[in-house]
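Structure below is target.txt: compact mmCIF, C-alpha atoms and all ligand atoms.
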# COMPACT_ATOMS: atom_id res chain seq x y z
CA MET A 284 -9.10 41.49 3.69
CA HIS A 285 -12.03 39.31 2.59
CA PRO A 286 -12.75 36.73 5.33
CA LEU A 287 -12.15 33.87 2.89
CA ILE A 288 -8.72 35.24 1.99
CA ALA A 289 -7.93 35.64 5.72
CA HIS A 290 -9.00 32.01 6.23
CA LEU A 291 -6.72 30.89 3.40
CA ALA A 292 -3.79 32.84 4.87
CA ALA A 293 -4.34 31.01 8.17
CA GLU A 294 -4.37 27.66 6.32
CA VAL A 295 -1.06 28.52 4.63
CA ALA A 296 0.43 29.50 8.00
CA LYS A 297 -0.71 26.14 9.43
CA LEU A 298 1.01 24.24 6.61
CA LYS A 299 4.22 26.18 7.20
CA GLN A 300 4.07 25.53 10.94
CA ALA A 301 3.53 21.79 10.33
CA GLY A 302 6.53 21.71 7.99
CA THR A 303 4.38 20.43 5.11
CA PHE A 304 4.35 23.59 2.98
CA LYS A 305 5.89 22.73 -0.38
CA GLU A 306 8.64 25.20 -1.35
CA GLU A 307 9.51 25.42 -5.04
CA LEU A 308 13.20 25.53 -5.85
CA VAL A 309 13.97 27.58 -8.97
CA LEU A 310 16.13 25.89 -11.60
CA GLN A 311 18.63 28.18 -13.33
CA SER A 312 19.36 25.72 -16.16
CA PRO A 313 17.45 23.29 -18.40
CA GLN A 314 16.14 20.06 -16.90
CA ASP A 315 18.96 17.49 -17.19
CA ALA A 316 21.11 14.96 -15.32
CA ARG A 317 22.67 17.90 -13.49
CA VAL A 318 21.00 21.27 -12.97
CA ARG A 319 21.92 24.64 -11.47
CA VAL A 320 19.99 25.76 -8.42
CA GLY A 321 20.95 28.70 -6.20
CA GLY A 322 24.14 29.13 -8.20
CA ARG A 323 25.26 25.52 -7.56
CA GLU A 324 25.35 22.46 -9.75
CA VAL A 325 23.51 19.44 -8.31
CA VAL A 326 22.66 15.95 -9.58
CA MET A 327 18.97 15.89 -10.51
CA LEU A 328 17.61 12.69 -8.95
CA THR A 329 13.93 13.51 -8.76
CA SER A 330 12.62 14.31 -12.25
CA ASN A 331 10.57 12.20 -14.66
CA ASN A 332 13.15 12.86 -17.38
CA TYR A 333 13.66 9.11 -17.70
CA LEU A 334 15.23 9.04 -21.15
CA GLY A 335 17.04 12.37 -20.90
CA PHE A 336 14.90 13.81 -23.72
CA ALA A 337 13.89 16.97 -21.79
CA ASN A 338 16.97 18.77 -23.09
CA HIS A 339 17.96 16.45 -25.93
CA PRO A 340 19.37 18.22 -29.02
CA ARG A 341 17.02 16.34 -31.38
CA VAL A 342 13.93 17.16 -29.32
CA ARG A 343 14.97 20.82 -29.01
CA GLU A 344 15.63 21.03 -32.75
CA ALA A 345 12.26 19.43 -33.58
CA GLN A 346 10.52 21.98 -31.35
CA LYS A 347 12.34 24.92 -32.96
CA LYS A 348 11.53 23.71 -36.47
CA ALA A 349 7.88 23.20 -35.53
CA ILE A 350 7.59 26.82 -34.40
CA ASP A 351 8.85 27.96 -37.82
CA ARG A 352 6.64 25.52 -39.73
CA TRP A 353 3.48 25.42 -37.58
CA GLY A 354 3.60 28.50 -35.33
CA ALA A 355 3.70 28.90 -31.57
CA GLY A 356 0.11 28.04 -30.65
CA MET A 357 -3.34 27.16 -31.90
CA ALA A 358 -5.66 29.69 -30.23
CA SER A 359 -8.36 27.04 -30.43
CA VAL A 360 -9.63 23.71 -29.22
CA ARG A 361 -9.18 20.78 -31.61
CA PHE A 362 -12.66 20.61 -33.15
CA ILE A 363 -13.03 24.32 -33.94
CA CYS A 364 -9.76 25.23 -35.67
CA GLY A 365 -7.03 23.68 -33.53
CA THR A 366 -6.02 20.62 -35.54
CA GLU A 367 -2.89 20.64 -37.69
CA ALA A 368 -1.31 17.79 -39.64
CA LEU A 369 1.24 17.61 -36.81
CA HIS A 370 -1.45 16.60 -34.30
CA LYS A 371 -2.77 13.89 -36.62
CA GLU A 372 0.78 12.65 -37.22
CA LEU A 373 1.50 12.39 -33.49
CA GLU A 374 -1.80 10.60 -32.85
CA ALA A 375 -1.01 8.09 -35.61
CA GLU A 376 2.48 7.60 -34.19
CA ILE A 377 1.15 6.93 -30.67
CA ALA A 378 -1.49 4.48 -31.95
CA SER A 379 1.10 2.64 -34.00
CA PHE A 380 3.60 2.56 -31.08
CA PHE A 381 0.97 0.85 -28.93
CA GLY A 382 -0.38 -1.37 -31.73
CA GLN A 383 -3.79 0.32 -31.44
CA GLN A 384 -6.31 1.58 -34.01
CA ASP A 385 -6.30 5.23 -32.97
CA ALA A 386 -5.17 7.76 -30.37
CA ILE A 387 -6.44 11.10 -29.06
CA LEU A 388 -4.25 13.87 -27.65
CA TYR A 389 -4.95 15.93 -24.55
CA MET A 390 -3.06 18.79 -22.92
CA SER A 391 -1.96 16.37 -20.18
CA CYS A 392 -2.52 12.84 -18.96
CA TRP A 393 -4.42 14.46 -16.11
CA ASN A 394 -6.91 15.68 -18.71
CA ALA A 395 -6.94 12.30 -20.48
CA ASN A 396 -7.85 10.46 -17.27
CA GLU A 397 -10.29 13.16 -16.22
CA GLY A 398 -12.05 13.06 -19.57
CA LEU A 399 -12.22 9.32 -20.17
CA PHE A 400 -14.71 7.66 -17.82
CA ALA A 401 -17.60 10.16 -17.85
CA ALA A 402 -17.49 10.20 -21.66
CA VAL A 403 -17.90 6.45 -22.11
CA LEU A 404 -19.67 5.04 -19.03
CA GLU A 405 -23.16 5.76 -17.73
CA GLU A 406 -25.27 5.05 -14.69
CA GLY A 407 -25.73 1.30 -14.55
CA ASP A 408 -22.13 0.60 -15.61
CA GLY A 409 -19.38 -0.50 -13.19
CA LEU A 410 -16.04 1.33 -12.88
CA TYR A 411 -13.31 -0.53 -11.00
CA SER A 412 -10.18 1.34 -9.90
CA ASP A 413 -7.10 0.29 -7.91
CA GLU A 414 -7.09 2.18 -4.60
CA LEU A 415 -3.55 3.49 -5.19
CA ASN A 416 -4.24 4.90 -8.65
CA HIS A 417 -2.99 8.38 -9.54
CA ALA A 418 -4.98 11.42 -8.36
CA SER A 419 -6.09 12.19 -11.94
CA ILE A 420 -7.82 8.79 -12.09
CA ILE A 421 -9.46 9.34 -8.71
CA ASP A 422 -10.82 12.69 -9.90
CA GLY A 423 -11.89 11.23 -13.25
CA VAL A 424 -13.78 8.46 -11.45
CA ARG A 425 -15.55 11.08 -9.29
CA LEU A 426 -16.86 12.80 -12.43
CA CYS A 427 -18.42 9.61 -13.79
CA LYS A 428 -21.96 8.40 -12.99
CA ALA A 429 -21.07 4.69 -13.18
CA LYS A 430 -21.06 2.68 -9.94
CA ARG A 431 -17.59 2.85 -8.34
CA PHE A 432 -15.68 -0.14 -7.05
CA ARG A 433 -12.51 0.56 -5.07
CA VAL A 434 -10.18 -2.39 -5.71
CA PRO A 435 -7.70 -3.17 -2.88
CA HIS A 436 -4.21 -2.44 -4.19
CA ASN A 437 -2.91 -5.02 -6.68
CA ASP A 438 -5.16 -7.61 -4.99
CA MET A 439 -6.35 -9.91 -7.76
CA LYS A 440 -8.43 -12.15 -5.51
CA ALA A 441 -10.36 -9.15 -4.19
CA PHE A 442 -10.85 -7.83 -7.74
CA ASP A 443 -12.18 -11.18 -8.91
CA ARG A 444 -14.52 -11.32 -5.89
CA LEU A 445 -15.87 -7.81 -6.49
CA LEU A 446 -16.60 -8.71 -10.13
CA ALA A 447 -18.34 -11.93 -9.10
CA GLU A 448 -20.56 -10.02 -6.66
CA ASP A 449 -21.46 -7.38 -9.25
CA GLY A 450 -24.22 -8.98 -11.25
CA ALA A 451 -25.91 -5.69 -12.09
CA SER A 452 -23.46 -3.63 -14.16
CA ARG A 453 -24.21 -3.32 -17.87
CA PHE A 454 -20.56 -2.77 -18.89
CA ARG A 455 -17.53 -3.03 -16.62
CA MET A 456 -14.23 -1.17 -16.88
CA MET A 457 -11.08 -1.69 -14.79
CA MET A 458 -8.54 1.13 -14.48
CA THR A 459 -5.03 0.72 -13.11
CA ASP A 460 -1.71 2.53 -13.13
CA GLY A 461 0.85 0.41 -15.02
CA VAL A 462 3.47 1.57 -12.52
CA PHE A 463 2.54 3.08 -9.15
CA SER A 464 4.58 6.21 -8.77
CA MET A 465 5.39 6.24 -5.06
CA GLU A 466 6.89 2.72 -5.16
CA GLY A 467 7.97 2.14 -8.74
CA GLU A 468 5.83 -1.00 -8.38
CA GLU A 469 4.23 -2.62 -11.44
CA ALA A 470 0.57 -3.60 -11.58
CA ASP A 471 0.10 -7.33 -12.10
CA LEU A 472 -1.04 -6.89 -15.70
CA ARG A 473 -0.82 -10.60 -16.52
CA ALA A 474 -3.39 -11.39 -13.84
CA LEU A 475 -5.51 -8.36 -14.69
CA VAL A 476 -5.60 -9.32 -18.38
CA GLU A 477 -6.65 -12.85 -17.50
CA ILE A 478 -9.43 -11.74 -15.14
CA CYS A 479 -10.68 -8.97 -17.44
CA GLU A 480 -10.75 -11.25 -20.50
CA ARG A 481 -12.56 -13.96 -18.56
CA THR A 482 -15.19 -11.60 -17.15
CA GLY A 483 -15.65 -9.30 -20.17
CA THR A 484 -14.26 -6.29 -18.28
CA LEU A 485 -12.56 -3.57 -20.36
CA LEU A 486 -9.03 -3.03 -19.02
CA VAL A 487 -7.48 0.46 -19.15
CA VAL A 488 -3.86 1.02 -18.11
CA ASP A 489 -2.35 4.43 -17.32
CA ASP A 490 1.25 3.80 -18.30
CA SER A 491 2.60 7.28 -17.59
CA HIS A 492 5.62 6.02 -15.63
CA ALA A 493 6.34 3.13 -17.99
CA THR A 494 6.02 4.48 -21.55
CA GLY A 495 9.59 4.79 -22.80
CA VAL A 496 10.75 3.18 -19.55
CA LEU A 497 9.74 -0.48 -19.31
CA GLY A 498 9.84 -3.24 -21.92
CA ARG A 499 12.75 -3.83 -24.28
CA THR A 500 11.53 -1.17 -26.73
CA GLY A 501 9.96 1.16 -24.16
CA ARG A 502 6.38 0.12 -24.91
CA GLY A 503 5.66 -0.07 -21.22
CA THR A 504 4.47 -2.35 -18.44
CA ALA A 505 2.54 -4.63 -20.80
CA GLU A 506 5.64 -5.20 -22.98
CA GLU A 507 7.66 -5.85 -19.80
CA GLN A 508 5.17 -8.52 -18.69
CA GLY A 509 4.60 -10.10 -22.13
CA VAL A 510 0.95 -8.98 -22.53
CA PHE A 511 1.52 -6.05 -24.91
CA ASP A 512 -1.17 -7.05 -27.42
CA ARG A 513 -3.78 -7.80 -24.74
CA ILE A 514 -4.29 -4.29 -23.28
CA PRO A 515 -7.48 -2.84 -24.84
CA VAL A 516 -6.88 0.81 -23.86
CA THR A 517 -3.84 2.75 -22.63
CA THR A 518 -3.58 6.31 -21.30
CA GLY A 519 -0.27 8.06 -20.83
CA THR A 520 1.71 11.25 -20.62
CA LEU A 521 4.10 12.99 -22.98
CA GLY A 522 5.47 14.97 -20.05
CA LYS A 523 7.81 12.31 -18.66
CA ALA A 524 9.95 10.04 -20.89
CA MET A 525 8.38 10.94 -24.24
CA GLY A 526 9.62 14.47 -24.84
CA SER A 527 9.14 15.66 -21.24
CA ALA A 528 7.25 18.85 -22.14
CA ALA A 529 3.52 18.20 -21.76
CA GLY A 530 0.58 16.36 -23.24
CA GLY A 531 -1.35 13.19 -22.67
CA PHE A 532 -3.24 10.61 -24.70
CA VAL A 533 -5.73 7.78 -24.80
CA THR A 534 -5.03 5.04 -27.35
CA GLY A 535 -7.34 2.14 -28.18
CA PRO A 536 -10.13 1.06 -30.55
CA SER A 537 -11.30 3.65 -33.14
CA ALA A 538 -14.86 3.69 -31.80
CA LEU A 539 -13.69 4.66 -28.32
CA VAL A 540 -11.37 7.40 -29.63
CA GLU A 541 -14.04 8.76 -31.98
CA LEU A 542 -16.51 8.99 -29.14
CA LEU A 543 -13.96 10.75 -26.91
CA ARG A 544 -13.51 13.38 -29.65
CA GLN A 545 -17.27 14.01 -29.47
CA ARG A 546 -17.87 13.85 -25.73
CA SER A 547 -14.70 14.14 -23.64
CA ARG A 548 -14.91 17.50 -21.91
CA PRO A 549 -11.20 18.38 -21.41
CA TYR A 550 -10.70 17.62 -25.14
CA LEU A 551 -13.72 19.63 -26.25
CA PHE A 552 -13.26 22.67 -24.04
CA SER A 553 -9.50 23.15 -23.66
CA ASN A 554 -6.88 24.31 -26.16
CA SER A 555 -5.07 21.85 -28.37
CA LEU A 556 -1.45 20.90 -27.75
CA PRO A 557 0.97 23.68 -28.88
CA PRO A 558 2.78 22.67 -32.12
CA PRO A 559 6.35 22.72 -30.68
CA VAL A 560 5.25 20.50 -27.78
CA ALA A 561 3.61 18.02 -30.18
CA ALA A 562 6.70 18.05 -32.43
CA GLY A 563 9.05 17.37 -29.50
CA SER A 564 7.06 14.30 -28.51
CA LEU A 565 6.77 13.08 -32.09
CA GLU A 566 10.56 13.25 -32.32
CA ALA A 567 10.86 11.32 -29.03
CA PHE A 568 8.69 8.47 -30.42
CA ARG A 569 10.76 8.43 -33.63
CA MET A 570 14.00 8.29 -31.66
CA LEU A 571 12.80 5.27 -29.69
CA ARG A 572 11.60 3.53 -32.82
CA GLU A 573 14.97 4.06 -34.53
CA ASP A 574 16.98 2.90 -31.54
CA PRO A 575 15.73 1.77 -28.13
CA ALA A 576 19.26 2.08 -26.67
CA PRO A 577 18.23 4.82 -24.16
CA VAL A 578 15.71 2.36 -22.66
CA ALA A 579 18.51 -0.18 -22.11
CA LYS A 580 20.77 2.53 -20.65
CA LEU A 581 17.98 3.58 -18.28
CA ARG A 582 17.51 -0.01 -17.12
CA GLU A 583 21.24 -0.43 -16.60
CA ASN A 584 21.44 2.85 -14.63
CA ALA A 585 18.45 1.88 -12.49
CA ALA A 586 20.04 -1.51 -11.67
CA TYR A 587 23.38 0.19 -10.91
CA PHE A 588 21.79 2.69 -8.51
CA ARG A 589 19.49 0.13 -6.87
CA LYS A 590 22.44 -2.18 -6.16
CA ALA A 591 24.68 0.59 -4.81
CA ILE A 592 22.06 2.18 -2.58
CA SER A 593 20.94 -1.12 -1.06
CA GLU A 594 24.55 -2.28 -0.55
CA ALA A 595 25.04 0.99 1.30
CA GLY A 596 22.45 -0.24 3.80
CA PHE A 597 19.38 1.70 2.71
CA GLN A 598 15.97 0.08 2.61
CA ILE A 599 14.38 0.07 -0.88
CA PRO A 600 11.45 -1.97 -2.19
CA HIS A 601 12.35 -4.83 -4.55
CA GLY A 602 12.00 -4.02 -8.25
CA THR A 603 13.67 -2.85 -11.44
CA HIS A 604 11.98 0.50 -12.14
CA PRO A 605 14.05 3.73 -12.14
CA ILE A 606 11.79 5.04 -9.38
CA VAL A 607 13.80 4.02 -6.30
CA PRO A 608 12.15 5.02 -3.02
CA VAL A 609 14.58 5.12 -0.11
CA ILE A 610 12.38 4.49 2.92
CA VAL A 611 13.44 6.37 6.05
CA GLY A 612 10.23 6.18 8.14
CA ASP A 613 9.51 9.56 9.66
CA THR A 614 8.24 12.47 7.52
CA ALA A 615 10.29 15.19 9.25
CA LYS A 616 13.39 12.98 8.87
CA ALA A 617 12.76 12.49 5.14
CA LEU A 618 12.36 16.22 4.59
CA ALA A 619 15.44 17.08 6.67
CA MET A 620 17.51 14.45 4.83
CA GLY A 621 16.33 15.94 1.52
CA ARG A 622 17.68 19.34 2.61
CA ASP A 623 21.03 17.85 3.65
CA LEU A 624 21.30 15.85 0.43
CA PHE A 625 20.84 19.08 -1.47
CA GLU A 626 23.75 20.57 0.49
CA GLN A 627 25.75 17.51 -0.60
CA GLY A 628 24.90 18.18 -4.28
CA VAL A 629 21.88 15.91 -4.81
CA TYR A 630 18.37 17.13 -5.61
CA VAL A 631 15.85 14.54 -4.38
CA SER A 632 12.33 14.99 -2.98
CA GLY A 633 11.07 13.72 0.35
CA PHE A 634 7.49 12.41 0.64
CA GLY A 635 5.62 11.74 3.85
CA PHE A 636 2.12 11.28 5.18
CA PRO A 637 -0.54 11.69 3.69
CA VAL A 638 1.09 11.02 0.28
CA VAL A 639 2.46 7.72 1.66
CA PRO A 640 1.32 5.76 4.74
CA HIS A 641 2.47 6.78 8.25
CA GLY A 642 5.96 5.49 9.05
CA GLN A 643 6.89 5.01 5.38
CA ALA A 644 8.22 8.48 4.56
CA ARG A 645 10.77 8.32 1.82
CA LEU A 646 13.19 10.03 -0.50
CA ARG A 647 11.95 9.18 -3.96
CA CYS A 648 14.96 8.84 -6.25
CA GLN A 649 14.37 8.74 -10.00
CA VAL A 650 17.16 7.57 -12.24
CA SER A 651 17.57 8.81 -15.82
CA ALA A 652 19.33 7.44 -18.90
CA ALA A 653 21.10 10.82 -18.94
CA HIS A 654 22.92 10.04 -15.66
CA SER A 655 26.51 8.87 -15.83
CA HIS A 656 27.79 6.37 -13.28
CA ALA A 657 29.72 9.33 -11.79
CA ASP A 658 26.40 11.14 -11.19
CA LEU A 659 24.94 8.09 -9.50
CA ASP A 660 28.11 7.45 -7.43
CA LEU A 661 28.01 11.04 -6.24
CA ALA A 662 24.38 10.55 -5.21
CA VAL A 663 25.09 7.30 -3.33
CA ASP A 664 28.08 8.82 -1.53
CA ALA A 665 25.91 11.77 -0.46
CA PHE A 666 23.21 9.36 0.75
CA VAL A 667 25.79 7.50 2.83
CA LYS A 668 27.02 10.71 4.48
CA VAL A 669 23.53 12.01 5.19
CA GLY A 670 22.19 8.56 6.12
CA ARG A 671 24.88 8.17 8.78
CA LYS A 672 24.02 11.54 10.28
CA PHE A 673 20.32 10.63 10.46
CA GLU A 674 20.93 6.99 11.42
CA ALA A 675 19.02 5.83 8.36
CA ILE A 676 21.56 3.16 7.37
CA GLU A 677 21.57 -0.43 8.56
CA GLU A 678 25.20 -1.19 7.71
CA VAL A 679 27.73 0.58 5.53
CA GLU A 680 30.64 -1.85 5.30
CA SER A 681 29.84 -3.19 1.84
CA ARG A 682 29.45 0.33 0.45
CA GLU A 683 32.76 1.36 1.99
CA SER A 684 34.55 -1.62 0.54
CA ARG A 685 32.93 -0.90 -2.85
CA VAL A 686 34.18 2.70 -2.72
CA GLU A 687 37.65 1.53 -1.65
CA SER A 688 37.93 -1.05 -4.42
CA LYS A 689 36.67 1.50 -6.95
CA ASN A 690 39.28 4.01 -5.80
CA ALA A 691 41.96 1.36 -6.19
CA GLN A 692 40.82 0.51 -9.73
CA PRO A 693 39.16 3.48 -11.44
CA THR A 694 36.63 2.49 -14.14
CA ALA A 695 36.31 4.08 -17.58
CA ASP A 696 32.74 5.22 -16.88
CA SER A 697 32.18 8.85 -16.01
C1 LIG B 1 0.16 7.68 -13.24
C2 LIG B 1 0.05 9.11 -13.67
N1 LIG B 1 -1.00 9.48 -14.42
C3 LIG B 1 -1.15 10.74 -14.83
C4 LIG B 1 -0.24 11.72 -14.50
C5 LIG B 1 -0.45 13.13 -14.96
O1 LIG B 1 0.33 13.35 -16.10
P1 LIG B 1 0.42 14.80 -16.72
O2 LIG B 1 1.58 15.49 -16.07
O3 LIG B 1 0.60 14.58 -18.18
O4 LIG B 1 -0.88 15.49 -16.42
C6 LIG B 1 0.87 11.39 -13.72
C7 LIG B 1 1.84 12.44 -13.36
O5 LIG B 1 2.45 12.48 -12.35
C8 LIG B 1 1.01 10.06 -13.28
O6 LIG B 1 2.04 9.69 -12.52

Have the structure of the file written as structure tokens, please.
Amino acid sequence: MHPLIAHLAAEVAKLKQAGTFKEELVLQSPQDARVRVGGREVVMLTSNNYLGFANHPRVREAQKKAIDRWGAGMASVRFICGTEALHKELEAEIASFFGQQDAILYMSCWNANEGLFAAVLEEGDGLYSDELNHASIIDGVRLCKAKRFRVPHNDMKAFDRLLAEDGASRFRMMMTDGVFSMEGEEADLRALVEICERTGTLLVVDDSHATGVLGRTGRGTAEEQGVFDRIPVTTGTLGKAMGSAAGGFVTGPSALVELLRQRSRPYLFSNSLPPPVAAGSLEAFRMLREDPAPVAKLRENAAYFRKAISEAGFQIPHGTHPIVPVIVGDTAKALAMGRDLFEQGVYVSGFGFPVVPHGQARLRCQVSAAHSHADLDLAVDAFVKVGRKFEAIEEVESRESRVESKNAQPTADS
């Protein structure tokens, strides 16, 4: 065995010994509110399928039709021979959804974030980034020659101070997640907009966990906070709420998008989005435009689950987002609880250090519009059982009385 391969095998063994090796469970059914795993049906409480579009009949149909009309794949990057009318249509749809001049598609939001900064900023510019931003932003920042400023998380005073101290940068850009994915916490976009407008800093928001999720019509964190028309540039994914397959985008002023088409490396040197994937997302945007009801259903489900799980005595951060982290403290405990929850029919992932700080290990629940109240009740009941076993509950009386009163008076919801 090559010594490097032997070294890697030892690293894998170490991960397994430490209990941090990530096992992949194999789904035996499409992604949905409930899935089959290991021959059993479980409630899926850990996917980004926020609107339930991953297996929606209209999205599936749009993908099938696109294969017949446009073929299975492009065998090219966009600028050589990989652009079809479908790609242009989806880009126009995204730009219009965000009230922007133009949009550019990537194979993923990872690629969009990776390809943005180095293409538009140079040495002598200043790139500000929230310290809890997604890994794709961190890697994108590393690839850029601009001076880097690490902004303490959601700390507007510190951001303002850093800007005031930076007299040297030619242009300044601030990048933030709209919603931080480990907490379901929103960035303070109102404050960021105010500071960025006042200081001439270009604000970019990665709204991957908010597009189709937050705001009355699903237009994201900025719509939720009433600053929709004041965000100069947005990046996002098509792999979560908006079709759930794959793809990412940057949307903003035409000049920025045009330049990205010329210089952004993941766009220039990687295949264009497969036609059925593009068509599925296009259909998702059309569905939201026609009727934002799934966004309202998602919000209602998130509120329902948040209330039930906190009444059951679990500790969750305050908020409204369908990401609901149940904090249990210890990493080994979170992982063991995840295994027991699976036995109880609930698929939810545990996260511990170094993904989250020491002592804040959690089970990250993600609610979908596809869940029924029965799915969510099943999940909460399983949490109560497992939480008692692991002493992760503060008090359970209110949950018990809720279950008792529900049993006495069954509701119509299922
Ligand atoms: C904030 C954020 N940005 C980017 C991404 C990457 O998106 P994609 O799966 O399209 O590469 C994710 C995915 O988890 C994310 O949460």

(request) Write out as a ChimeraX atom specification each polymer residue (protein, DNA or RNA) that has an atom no more than 9 Å from ligand LIG 1 (chain B), with all atoms listed in the file counted. (result) /A:331,389-396,416-420,459-465,489-492,518-523,528-532

(message) Would you pick out the contacts of Asp623 (chain A) at 12 Å or less, using all atoms listed in the file, so that residues sharing its chain but fewer than 3 positions from it are not included, and give the list as a ChimeraX atom specification?
(response) /A:616-620,626-633,646,662,665-673

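If you count all atoms listed in the file and draw a sphere of 12 Å around (14.3, 7.2, -30.8), the protein and nucleic acid residues inside it come out as Leu334, Gly335, Phe336, His339, Arg341, Val342, Phe380, Gly495, Thr500, Gly501, Ala524, Met525, Gly526, Gly563, Ser564, Leu565, Glu566, Ala567, Phe568, Arg569, Met570, Leu571, Arg572, Glu573, Asp574, Pro575, Ala576, Pro577 and Val578 of chain A.
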
(request) For each of A:Asn554, A:Leu472, A:Thr482, A:Arg425, take the minimum atom-to-atom distance to Asp449 (chain A), counting only C-alpha atoms, then give the residue where this is smallest. (result) A:Thr482

(message) Given only C-alpha atoms as the basis, pick out the residue of A:Lys580, A:Arg453, A:Glu469, A:Asn338 nearest to Gly602 (chain A).
(response)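 Ranking A:Lys580, A:Arg453, A:Glu469, A:Asn338 by distance to Gly602 (chain A), first place goes to A:Glu469.
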
Would you mind writing region 477-490 of chain A with N, CA, C and O atoms, as a PDB file, keeping the file's coordinate frame?
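selection_14.pdb, written as the output of this step:
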ATOM      1  N   GLU A 477      -5.949 -11.561 -17.573  1.00  0.00           N
ATOM      2  CA  GLU A 477      -6.650 -12.850 -17.500  1.00  0.00           C
ATOM      3  C   GLU A 477      -8.046 -12.662 -16.914  1.00  0.00           C
ATOM      4  O   GLU A 477      -9.042 -13.134 -17.475  1.00  0.00           O
ATOM      5  N   ILE A 478      -8.124 -11.937 -15.797  1.00  0.00           N
ATOM      6  CA  ILE A 478      -9.430 -11.740 -15.140  1.00  0.00           C
ATOM      7  C   ILE A 478     -10.360 -10.923 -16.041  1.00  0.00           C
ATOM      8  O   ILE A 478     -11.538 -11.255 -16.207  1.00  0.00           O
ATOM      9  N   CYS A 479      -9.835  -9.859 -16.618  1.00  0.00           N
ATOM     10  CA  CYS A 479     -10.680  -8.970 -17.440  1.00  0.00           C
ATOM     11  C   CYS A 479     -11.183  -9.711 -18.693  1.00  0.00           C
ATOM     12  O   CYS A 479     -12.348  -9.573 -19.074  1.00  0.00           O
ATOM     13  N   GLU A 480     -10.312 -10.493 -19.312  1.00  0.00           N
ATOM     14  CA  GLU A 480     -10.750 -11.250 -20.500  1.00  0.00           C
ATOM     15  C   GLU A 480     -11.824 -12.271 -20.126  1.00  0.00           C
ATOM     16  O   GLU A 480     -12.814 -12.439 -20.823  1.00  0.00           O
ATOM     17  N   ARG A 481     -11.613 -12.923 -18.993  1.00  0.00           N
ATOM     18  CA  ARG A 481     -12.560 -13.960 -18.560  1.00  0.00           C
ATOM     19  C   ARG A 481     -13.923 -13.385 -18.197  1.00  0.00           C
ATOM     20  O   ARG A 481     -14.956 -14.006 -18.426  1.00  0.00           O
ATOM     21  N   THR A 482     -13.929 -12.165 -17.647  1.00  0.00           N
ATOM     22  CA  THR A 482     -15.190 -11.600 -17.150  1.00  0.00           C
ATOM     23  C   THR A 482     -15.781 -10.535 -18.078  1.00  0.00           C
ATOM     24  O   THR A 482     -16.780  -9.896 -17.738  1.00  0.00           O
ATOM     25  N   GLY A 483     -15.135 -10.307 -19.225  1.00  0.00           N
ATOM     26  CA  GLY A 483     -15.650  -9.300 -20.170  1.00  0.00           C
ATOM     27  C   GLY A 483     -15.548  -7.885 -19.628  1.00  0.00           C
ATOM     28  O   GLY A 483     -16.392  -7.032 -19.895  1.00  0.00           O
ATOM     29  N   THR A 484     -14.483  -7.641 -18.845  1.00  0.00           N
ATOM     30  CA  THR A 484     -14.260  -6.290 -18.280  1.00  0.00           C
ATOM     31  C   THR A 484     -13.223  -5.576 -19.148  1.00  0.00           C
ATOM     32  O   THR A 484     -12.192  -6.155 -19.483  1.00  0.00           O
ATOM     33  N   LEU A 485     -13.497  -4.304 -19.504  1.00  0.00           N
ATOM     34  CA  LEU A 485     -12.560  -3.570 -20.360  1.00  0.00           C
ATOM     35  C   LEU A 485     -11.423  -3.015 -19.503  1.00  0.00           C
ATOM     36  O   LEU A 485     -11.655  -2.210 -18.600  1.00  0.00           O
ATOM     37  N   LEU A 486     -10.194  -3.448 -19.814  1.00  0.00           N
ATOM     38  CA  LEU A 486      -9.030  -3.030 -19.020  1.00  0.00           C
ATOM     39  C   LEU A 486      -8.400  -1.770 -19.608  1.00  0.00           C
ATOM     40  O   LEU A 486      -8.117  -1.705 -20.809  1.00  0.00           O
ATOM     41  N   VAL A 487      -8.177  -0.764 -18.743  1.00  0.00           N
ATOM     42  CA  VAL A 487      -7.480   0.460 -19.150  1.00  0.00           C
ATOM     43  C   VAL A 487      -6.258   0.622 -18.257  1.00  0.00           C
ATOM     44  O   VAL A 487      -6.368   0.526 -17.030  1.00  0.00           O
ATOM     45  N   VAL A 488      -5.102   0.865 -18.874  1.00  0.00           N
ATOM     46  CA  VAL A 488      -3.860   1.020 -18.110  1.00  0.00           C
ATOM     47  C   VAL A 488      -3.301   2.421 -18.320  1.00  0.00           C
ATOM     48  O   VAL A 488      -3.108   2.848 -19.465  1.00  0.00           O
ATOM     49  N   ASP A 489      -3.063   3.139 -17.238  1.00  0.00           N
ATOM     50  CA  ASP A 489      -2.350   4.430 -17.320  1.00  0.00           C
ATOM     51  C   ASP A 489      -0.872   4.105 -17.187  1.00  0.00           C
ATOM     52  O   ASP A 489      -0.387   3.780 -16.106  1.00  0.00           O
ATOM     53  N   ASP A 490      -0.157   4.212 -18.307  1.00  0.00           N
ATOM     54  CA  ASP A 490       1.250   3.800 -18.300  1.00  0.00           C
ATOM     55  C   ASP A 490       2.205   4.996 -18.302  1.00  0.00           C
ATOM     56  O   ASP A 490       3.294   4.939 -18.887  1.00  0.00           O
TER      57      ASP A 490
END
